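The data block below is structure-v4.cif; it holds mmCIF, N, CA and C atoms.
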```cif
data_my_file
loop_
_atom_site.group_PDB
_atom_site.id
_atom_site.type_symbol
_atom_site.label_atom_id
_atom_site.label_comp_id
_atom_site.auth_asym_id
_atom_site.auth_seq_id
_atom_site.Cartn_x
_atom_site.Cartn_y
_atom_site.Cartn_z
ATOM 1 N N MET F 1 -75.416 11.023 -60.220
ATOM 2 C CA MET F 1 -74.289 11.634 -60.901
ATOM 3 C C MET F 1 -73.299 10.516 -61.242
ATOM 4 N N PRO F 2 -72.925 10.412 -62.516
ATOM 5 C CA PRO F 2 -71.949 9.386 -62.906
ATOM 6 C C PRO F 2 -70.613 9.592 -62.198
ATOM 7 N N PRO F 3 -69.846 8.492 -62.022
ATOM 8 C CA PRO F 3 -68.576 8.587 -61.292
ATOM 9 C C PRO F 3 -67.617 9.645 -61.835
ATOM 10 N N THR F 4 -67.545 9.798 -63.163
ATOM 11 C CA THR F 4 -66.639 10.783 -63.738
ATOM 12 C C THR F 4 -67.036 12.196 -63.326
ATOM 13 N N GLU F 5 -68.332 12.486 -63.387
ATOM 14 C CA GLU F 5 -68.812 13.814 -62.988
ATOM 15 C C GLU F 5 -68.566 14.052 -61.501
ATOM 16 N N LEU F 6 -68.773 13.022 -60.685
ATOM 17 C CA LEU F 6 -68.525 13.148 -59.252
ATOM 18 C C LEU F 6 -67.048 13.435 -59.000
ATOM 19 N N ARG F 7 -66.185 12.700 -59.666
ATOM 20 C CA ARG F 7 -64.751 12.896 -59.499
ATOM 21 C C ARG F 7 -64.354 14.322 -59.895
ATOM 22 N N GLU F 8 -64.898 14.795 -61.020
ATOM 23 C CA GLU F 8 -64.615 16.161 -61.465
ATOM 24 C C GLU F 8 -65.180 17.187 -60.481
ATOM 25 N N GLY F 9 -66.382 16.911 -59.971
ATOM 26 C CA GLY F 9 -66.995 17.812 -58.986
ATOM 27 C C GLY F 9 -66.184 17.885 -57.706
ATOM 28 N N LEU F 10 -65.697 16.717 -57.238
ATOM 29 C CA LEU F 10 -64.866 16.695 -56.035
ATOM 30 C C LEU F 10 -63.543 17.418 -56.264
ATOM 31 N N HIS F 11 -62.983 17.247 -57.462
ATOM 32 C CA HIS F 11 -61.739 17.951 -57.793
ATOM 33 C C HIS F 11 -61.967 19.463 -57.757
ATOM 34 N N GLU F 12 -63.072 19.912 -58.340
ATOM 35 C CA GLU F 12 -63.405 21.342 -58.327
ATOM 36 C C GLU F 12 -63.648 21.827 -56.906
ATOM 37 N N LEU F 13 -64.333 21.023 -56.111
ATOM 38 C CA LEU F 13 -64.585 21.373 -54.708
ATOM 39 C C LEU F 13 -63.268 21.576 -53.958
ATOM 40 N N LEU F 14 -62.341 20.640 -54.109
ATOM 41 C CA LEU F 14 -61.058 20.742 -53.419
ATOM 42 C C LEU F 14 -60.255 21.947 -53.901
ATOM 43 N N ARG F 15 -60.335 22.253 -55.188
ATOM 44 C CA ARG F 15 -59.646 23.423 -55.721
ATOM 45 C C ARG F 15 -60.196 24.698 -55.088
ATOM 46 N N ARG F 16 -61.536 24.776 -54.999
ATOM 47 C CA ARG F 16 -62.154 25.961 -54.393
ATOM 48 C C ARG F 16 -61.799 26.082 -52.911
ATOM 49 N N LEU F 17 -61.790 24.948 -52.207
ATOM 50 C CA LEU F 17 -61.410 24.982 -50.795
ATOM 51 C C LEU F 17 -59.974 25.474 -50.635
ATOM 52 N N ALA F 18 -59.089 25.005 -51.511
ATOM 53 C CA ALA F 18 -57.686 25.417 -51.446
ATOM 54 C C ALA F 18 -57.525 26.914 -51.699
ATOM 55 N N GLU F 19 -58.440 27.485 -52.475
ATOM 56 C CA GLU F 19 -58.404 28.928 -52.749
ATOM 57 C C GLU F 19 -58.950 29.735 -51.582
ATOM 58 N N GLY F 20 -59.527 29.042 -50.601
ATOM 59 C CA GLY F 20 -60.067 29.742 -49.437
ATOM 60 C C GLY F 20 -61.488 30.242 -49.615
ATOM 61 N N ARG F 21 -62.183 29.711 -50.590
ATOM 62 C CA ARG F 21 -63.579 30.124 -50.806
ATOM 63 C C ARG F 21 -64.470 29.532 -49.712
ATOM 64 N N PRO F 22 -65.637 30.166 -49.473
ATOM 65 C CA PRO F 22 -66.561 29.640 -48.450
ATOM 66 C C PRO F 22 -66.991 28.205 -48.777
ATOM 67 N N ARG F 23 -67.172 27.408 -47.717
ATOM 68 C CA ARG F 23 -67.530 25.989 -47.878
ATOM 69 C C ARG F 23 -68.797 25.813 -48.707
ATOM 70 N N ARG F 24 -69.826 26.648 -48.482
ATOM 71 C CA ARG F 24 -71.077 26.516 -49.236
ATOM 72 C C ARG F 24 -70.810 26.663 -50.727
ATOM 73 N N GLU F 25 -70.053 27.664 -51.088
ATOM 74 C CA GLU F 25 -69.735 27.880 -52.497
ATOM 75 C C GLU F 25 -68.965 26.695 -53.055
ATOM 76 N N CYS F 26 -68.070 26.165 -52.277
ATOM 77 C CA CYS F 26 -67.269 25.019 -52.719
ATOM 78 C C CYS F 26 -68.133 23.784 -52.944
ATOM 79 N N LEU F 27 -69.025 23.507 -52.015
ATOM 80 C CA LEU F 27 -69.860 22.307 -52.135
ATOM 81 C C LEU F 27 -70.847 22.413 -53.281
ATOM 82 N N GLU F 28 -71.214 23.630 -53.645
ATOM 83 C CA GLU F 28 -72.141 23.782 -54.758
ATOM 84 C C GLU F 28 -71.513 23.353 -56.084
ATOM 85 N N ALA F 29 -70.198 23.138 -56.093
ATOM 86 C CA ALA F 29 -69.530 22.595 -57.285
ATOM 87 C C ALA F 29 -70.074 21.206 -57.613
ATOM 88 N N LEU F 30 -70.646 20.534 -56.613
ATOM 89 C CA LEU F 30 -71.190 19.183 -56.826
ATOM 90 C C LEU F 30 -72.596 19.202 -57.402
ATOM 91 N N GLY F 31 -73.233 20.359 -57.460
ATOM 92 C CA GLY F 31 -74.584 20.458 -58.001
ATOM 93 C C GLY F 31 -75.608 20.641 -56.902
ATOM 94 N N ASP F 32 -76.684 21.334 -57.220
ATOM 95 C CA ASP F 32 -77.692 21.710 -56.235
ATOM 96 C C ASP F 32 -78.405 20.531 -55.589
ATOM 97 N N TYR F 33 -78.670 19.486 -56.350
ATOM 98 C CA TYR F 33 -79.517 18.416 -55.805
ATOM 99 C C TYR F 33 -78.752 17.112 -55.616
ATOM 100 N N ARG F 34 -77.473 17.189 -55.549
ATOM 101 C CA ARG F 34 -76.629 16.008 -55.373
ATOM 102 C C ARG F 34 -76.794 15.459 -53.966
ATOM 103 N N ASP F 35 -76.930 14.158 -53.861
ATOM 104 C CA ASP F 35 -76.922 13.494 -52.560
ATOM 105 C C ASP F 35 -75.510 12.995 -52.294
ATOM 106 N N LEU F 36 -75.047 13.206 -51.072
ATOM 107 C CA LEU F 36 -73.732 12.720 -50.678
ATOM 108 C C LEU F 36 -73.892 11.401 -49.935
ATOM 109 N N SER F 37 -72.990 10.480 -50.160
ATOM 110 C CA SER F 37 -72.997 9.237 -49.392
ATOM 111 C C SER F 37 -72.369 9.518 -48.027
ATOM 112 N N THR F 38 -72.531 8.575 -47.123
ATOM 113 C CA THR F 38 -71.914 8.708 -45.803
ATOM 114 C C THR F 38 -70.406 8.843 -45.942
ATOM 115 N N ARG F 39 -69.816 8.047 -46.799
ATOM 116 C CA ARG F 39 -68.365 8.084 -47.012
ATOM 117 C C ARG F 39 -67.926 9.456 -47.553
ATOM 118 N N GLU F 40 -68.652 9.980 -48.533
ATOM 119 C CA GLU F 40 -68.302 11.282 -49.111
ATOM 120 C C GLU F 40 -68.396 12.401 -48.072
ATOM 121 N N LEU F 41 -69.480 12.378 -47.294
ATOM 122 C CA LEU F 41 -69.659 13.430 -46.292
ATOM 123 C C LEU F 41 -68.601 13.326 -45.196
ATOM 124 N N ALA F 42 -68.301 12.114 -44.762
ATOM 125 C CA ALA F 42 -67.259 11.937 -43.744
ATOM 126 C C ALA F 42 -65.918 12.448 -44.268
ATOM 127 N N HIS F 43 -65.628 12.173 -45.528
ATOM 128 C CA HIS F 43 -64.377 12.640 -46.125
ATOM 129 C C HIS F 43 -64.345 14.170 -46.192
ATOM 130 N N LEU F 44 -65.448 14.776 -46.613
ATOM 131 C CA LEU F 44 -65.498 16.241 -46.707
ATOM 132 C C LEU F 44 -65.329 16.903 -45.350
ATOM 133 N N GLU F 45 -65.932 16.321 -44.321
ATOM 134 C CA GLU F 45 -65.878 16.913 -42.981
ATOM 135 C C GLU F 45 -64.670 16.432 -42.182
ATOM 136 N N GLN F 46 -63.931 15.480 -42.744
ATOM 137 C CA GLN F 46 -62.742 14.930 -42.086
ATOM 138 C C GLN F 46 -63.079 14.324 -40.727
ATOM 139 N N ILE F 47 -64.157 13.532 -40.730
ATOM 140 C CA ILE F 47 -64.568 12.776 -39.550
ATOM 141 C C ILE F 47 -64.774 11.328 -39.996
ATOM 142 N N SER F 48 -64.905 10.431 -39.040
ATOM 143 C CA SER F 48 -65.080 9.023 -39.402
ATOM 144 C C SER F 48 -66.527 8.739 -39.798
ATOM 145 N N ILE F 49 -66.670 7.682 -40.583
ATOM 146 C CA ILE F 49 -68.005 7.227 -40.967
ATOM 147 C C ILE F 49 -68.786 6.843 -39.718
ATOM 148 N N ARG F 50 -68.125 6.205 -38.773
ATOM 149 C CA ARG F 50 -68.784 5.790 -37.529
ATOM 150 C C ARG F 50 -69.335 6.992 -36.771
ATOM 151 N N THR F 51 -68.612 8.118 -36.793
ATOM 152 C CA THR F 51 -69.095 9.322 -36.122
ATOM 153 C C THR F 51 -70.407 9.782 -36.749
ATOM 154 N N LEU F 52 -70.484 9.806 -38.071
ATOM 155 C CA LEU F 52 -71.736 10.191 -38.742
ATOM 156 C C LEU F 52 -72.857 9.211 -38.399
ATOM 157 N N GLU F 53 -72.535 7.923 -38.358
ATOM 158 C CA GLU F 53 -73.544 6.916 -38.011
ATOM 159 C C GLU F 53 -74.041 7.114 -36.581
ATOM 160 N N ASP F 54 -73.122 7.397 -35.666
ATOM 161 C CA ASP F 54 -73.511 7.652 -34.270
ATOM 162 C C ASP F 54 -74.429 8.860 -34.182
ATOM 163 N N TRP F 55 -74.072 9.929 -34.877
ATOM 164 C CA TRP F 55 -74.908 11.139 -34.846
ATOM 165 C C TRP F 55 -76.304 10.851 -35.389
ATOM 166 N N ALA F 56 -76.378 10.063 -36.469
ATOM 167 C CA ALA F 56 -77.678 9.731 -37.059
ATOM 168 C C ALA F 56 -78.525 8.931 -36.077
ATOM 169 N N GLU F 57 -77.897 7.986 -35.378
ATOM 170 C CA GLU F 57 -78.628 7.175 -34.396
ATOM 171 C C GLU F 57 -79.142 8.027 -33.242
ATOM 172 N N ARG F 58 -78.406 9.070 -32.889
ATOM 173 C CA ARG F 58 -78.807 9.959 -31.792
ATOM 174 C C ARG F 58 -79.731 11.082 -32.255
ATOM 175 N N GLY F 59 -79.892 11.233 -33.562
ATOM 176 C CA GLY F 59 -80.718 12.314 -34.083
ATOM 177 C C GLY F 59 -79.966 13.630 -34.229
ATOM 178 N N ASP F 60 -78.644 13.567 -34.147
ATOM 179 C CA ASP F 60 -77.812 14.753 -34.349
ATOM 180 C C ASP F 60 -77.223 14.701 -35.755
ATOM 181 N N GLY F 61 -76.465 15.701 -36.073
ATOM 182 C CA GLY F 61 -75.763 15.712 -37.349
ATOM 183 C C GLY F 61 -76.658 16.140 -38.484
ATOM 184 N N PRO F 62 -76.118 16.087 -39.694
ATOM 185 C CA PRO F 62 -76.858 16.566 -40.861
ATOM 186 C C PRO F 62 -78.064 15.687 -41.179
ATOM 187 N N PRO F 63 -79.107 16.283 -41.766
ATOM 188 C CA PRO F 63 -80.285 15.498 -42.148
ATOM 189 C C PRO F 63 -79.937 14.516 -43.268
ATOM 190 N N TYR F 64 -80.600 13.363 -43.235
ATOM 191 C CA TYR F 64 -80.353 12.336 -44.237
ATOM 192 C C TYR F 64 -81.675 11.692 -44.609
ATOM 193 N N ARG F 65 -81.621 10.880 -45.650
ATOM 194 C CA ARG F 65 -82.794 10.092 -46.033
ATOM 195 C C ARG F 65 -82.342 8.691 -46.371
ATOM 196 N N LYS F 66 -83.287 7.766 -46.289
ATOM 197 C CA LYS F 66 -83.008 6.367 -46.621
ATOM 198 C C LYS F 66 -84.017 5.942 -47.681
ATOM 199 N N ALA F 67 -83.709 4.868 -48.361
ATOM 200 C CA ALA F 67 -84.563 4.391 -49.440
ATOM 201 C C ALA F 67 -85.681 3.483 -48.948
ATOM 202 N N GLY F 68 -85.988 3.511 -47.662
ATOM 203 C CA GLY F 68 -87.102 2.736 -47.149
ATOM 204 C C GLY F 68 -86.735 1.482 -46.394
ATOM 205 N N HIS F 69 -85.578 0.915 -46.643
ATOM 206 C CA HIS F 69 -85.169 -0.293 -45.938
ATOM 207 C C HIS F 69 -84.345 0.078 -44.714
ATOM 208 N N LYS F 70 -84.490 -0.725 -43.664
ATOM 209 C CA LYS F 70 -83.744 -0.452 -42.440
ATOM 210 C C LYS F 70 -82.241 -0.460 -42.685
ATOM 211 N N THR F 71 -81.778 -1.300 -43.585
ATOM 212 C CA THR F 71 -80.350 -1.408 -43.848
ATOM 213 C C THR F 71 -79.894 -0.568 -45.043
ATOM 214 N N ALA F 72 -80.802 0.207 -45.631
ATOM 215 C CA ALA F 72 -80.422 1.035 -46.785
ATOM 216 C C ALA F 72 -79.404 2.090 -46.353
ATOM 217 N N PRO F 73 -78.445 2.375 -47.212
ATOM 218 C CA PRO F 73 -77.452 3.385 -46.850
ATOM 219 C C PRO F 73 -78.088 4.780 -46.750
ATOM 220 N N ARG F 74 -77.549 5.567 -45.868
ATOM 221 C CA ARG F 74 -78.034 6.936 -45.719
ATOM 222 C C ARG F 74 -77.498 7.787 -46.859
ATOM 223 N N ARG F 75 -78.329 8.690 -47.331
ATOM 224 C CA ARG F 75 -77.933 9.661 -48.341
ATOM 225 C C ARG F 75 -78.179 11.040 -47.743
ATOM 226 N N TYR F 76 -77.250 11.928 -47.936
ATOM 227 C CA TYR F 76 -77.333 13.273 -47.375
ATOM 228 C C TYR F 76 -77.571 14.270 -48.507
ATOM 229 N N PRO F 77 -78.819 14.758 -48.656
ATOM 230 C CA PRO F 77 -79.089 15.739 -49.713
ATOM 231 C C PRO F 77 -78.206 16.976 -49.518
ATOM 232 N N LEU F 78 -77.527 17.376 -50.583
ATOM 233 C CA LEU F 78 -76.567 18.471 -50.511
ATOM 234 C C LEU F 78 -77.202 19.749 -49.974
ATOM 235 N N ARG F 79 -78.359 20.109 -50.493
ATOM 236 C CA ARG F 79 -79.015 21.354 -50.055
ATOM 237 C C ARG F 79 -79.328 21.309 -48.550
ATOM 238 N N ASP F 80 -79.854 20.182 -48.059
ATOM 239 C CA ASP F 80 -80.164 20.060 -46.627
ATOM 240 C C ASP F 80 -78.887 20.096 -45.789
ATOM 241 N N TYR F 81 -77.847 19.446 -46.305
ATOM 242 C CA TYR F 81 -76.567 19.462 -45.597
ATOM 243 C C TYR F 81 -76.031 20.891 -45.488
ATOM 244 N N LEU F 82 -76.090 21.646 -46.582
ATOM 245 C CA LEU F 82 -75.588 23.021 -46.564
ATOM 246 C C LEU F 82 -76.382 23.884 -45.587
ATOM 247 N N ASP F 83 -77.703 23.695 -45.556
ATOM 248 C CA ASP F 83 -78.529 24.441 -44.607
ATOM 249 C C ASP F 83 -78.155 24.083 -43.176
ATOM 250 N N TRP F 84 -77.981 22.792 -42.903
ATOM 251 C CA TRP F 84 -77.575 22.345 -41.564
ATOM 252 C C TRP F 84 -76.223 22.936 -41.208
ATOM 253 N N ARG F 85 -75.314 22.941 -42.184
ATOM 254 C CA ARG F 85 -73.959 23.456 -41.956
ATOM 255 C C ARG F 85 -73.997 24.941 -41.604
ATOM 256 N N ASP F 86 -74.928 25.677 -42.219
ATOM 257 C CA ASP F 86 -75.072 27.097 -41.909
ATOM 258 C C ASP F 86 -75.602 27.318 -40.493
ATOM 259 N N ARG F 87 -76.454 26.398 -40.015
ATOM 260 C CA ARG F 87 -77.076 26.547 -38.699
ATOM 261 C C ARG F 87 -76.184 26.098 -37.548
ATOM 262 N N THR F 88 -75.266 25.233 -37.812
ATOM 263 C CA THR F 88 -74.470 24.650 -36.738
ATOM 264 C C THR F 88 -73.024 24.504 -37.198
ATOM 265 N N THR F 89 -72.192 24.046 -36.317
ATOM 266 C CA THR F 89 -70.817 23.733 -36.707
ATOM 267 C C THR F 89 -70.499 22.331 -36.230
ATOM 268 N N MET F 90 -69.619 21.677 -36.923
ATOM 269 C CA MET F 90 -69.203 20.344 -36.515
ATOM 270 C C MET F 90 -68.560 20.403 -35.133
ATOM 271 N N THR F 91 -67.862 21.490 -34.852
ATOM 272 C CA THR F 91 -67.197 21.631 -33.558
ATOM 273 C C THR F 91 -68.203 21.527 -32.419
ATOM 274 N N CYS F 92 -69.337 22.205 -32.565
ATOM 275 C CA CYS F 92 -70.372 22.150 -31.513
ATOM 276 C C CYS F 92 -70.885 20.727 -31.343
ATOM 277 N N THR F 93 -71.122 20.030 -32.446
ATOM 278 C CA THR F 93 -71.635 18.664 -32.376
ATOM 279 C C THR F 93 -70.603 17.744 -31.743
ATOM 280 N N ILE F 94 -69.344 17.874 -32.140
ATOM 281 C CA ILE F 94 -68.285 17.037 -31.579
ATOM 282 C C ILE F 94 -68.150 17.297 -30.072
ATOM 283 N N GLU F 95 -68.127 18.554 -29.673
ATOM 284 C CA GLU F 95 -67.990 18.894 -28.253
ATOM 285 C C GLU F 95 -69.173 18.352 -27.445
ATOM 286 N N LYS F 96 -70.368 18.426 -27.993
ATOM 287 C CA LYS F 96 -71.557 17.915 -27.310
ATOM 288 C C LYS F 96 -71.398 16.432 -26.985
ATOM 289 N N HIS F 97 -70.884 15.654 -27.943
ATOM 290 C CA HIS F 97 -70.747 14.216 -27.740
ATOM 291 C C HIS F 97 -69.546 13.849 -26.881
ATOM 292 N N ARG F 98 -68.560 14.675 -26.836
ATOM 293 C CA ARG F 98 -67.425 14.421 -25.931
ATOM 294 C C ARG F 98 -67.877 14.528 -24.490
ATOM 295 N N LYS F 99 -68.791 15.466 -24.213
ATOM 296 C CA LYS F 99 -69.292 15.631 -22.855
ATOM 297 C C LYS F 99 -70.165 14.457 -22.441
ATOM 298 N N VAL F 100 -70.926 13.897 -23.414
ATOM 299 C CA VAL F 100 -71.797 12.756 -23.136
ATOM 300 C C VAL F 100 -70.984 11.515 -22.884
ATOM 301 N N GLY F 101 -69.998 11.261 -23.752
ATOM 302 C CA GLY F 101 -69.215 10.018 -23.718
ATOM 303 C C GLY F 101 -68.125 10.145 -22.741
#
```
What would you get if you wrote out this structure as structure tokens?
Amino acid sequence: MPPTELREGLHELLRRLAEGRPRRECLEALGDYRDLSTRELAHLEQISIRTLEDWAERGDGPPYRKAGHKTAPRRYPLRDYLDWRDRTTMTCTIEKHRKVG
């Protein structure tokens, strides 16, 4: 997705969130097959990038994919993220790691 479309999609997402619409409906403003970067997902969930990285290393958090290289950035497919979001809550994941750490 070109930067302009992403910016417009994020603007629409924030507008829908401000209206109190369900998160799934809001995120669909970005398109069905959009991949979110780690930075974008952390911003949407209002958590740190490091938290998402920690969850990925532990096998928790939303599903992601990499481009094959060990150092390739993680991409979070929107549809998989929405499904994960429906199955769990960030609160449960955060609480789980507070007990561990």
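Our summary of the geometry notes that CA of Tyr81 (chain F) is positioned 8.2 Å from CA of Tyr64 (chain F).
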Discussion item. If I take atom N of Leu52 (chain F) and atom N of Thr38 (chain F), how far is one from the other in Å, to one decimal?
Written reply: 9.4 Å
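Closest approach to Leu44 (chain F) among F:Arg65, F:Pro22, F:Arg87, F:Leu13: F:Leu13, based on only C-alpha atoms.
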Worksheet item: So how far away is atom C of Ser37 (chain F) from CA of Arg50 (chain F), in Å?
Response: 11.7 Å
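Residues with any atom within 7 Å of Leu82 (chain F), counting only C-alpha atoms and excluding same-chain neighbours fewer than 4 positions away, are Arg24, Leu78 and Asp86 of chain F.
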Fill in: Residues within 8 Å of Leu41 (chain F), all atoms listed in the file, excluding chain neighbours under 6 positions, as a ChimeraX atom specification
/F:35,47-49,52,76
Let me know the centre plus edge lengths, in Å and rounded to one decimal, of a box with edges along x, y and z that contains all listed atoms of region 56-69 of chain F and is padded by 4 Å on every side, as AutoDock Vina command-line options.
```
--center_x -81.4 --center_y 8.1 --center_z -40.6 --size_x 19.3 --size_y 24.9 --size_z 25.6
```
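Proximity to Gly61 (chain F) was assessed for F:His43, F:Arg74, F:Arg85, F:His11 counting only N, CA and C atoms; the smallest distance is recorded for F:Arg85.
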Worksheet entry | Distance query 6 Å from (-78.2, 16.9, -52.5) using all atoms listed in the file, result as a VMD selection string | chain F and resid 32 to 36 76 to 80
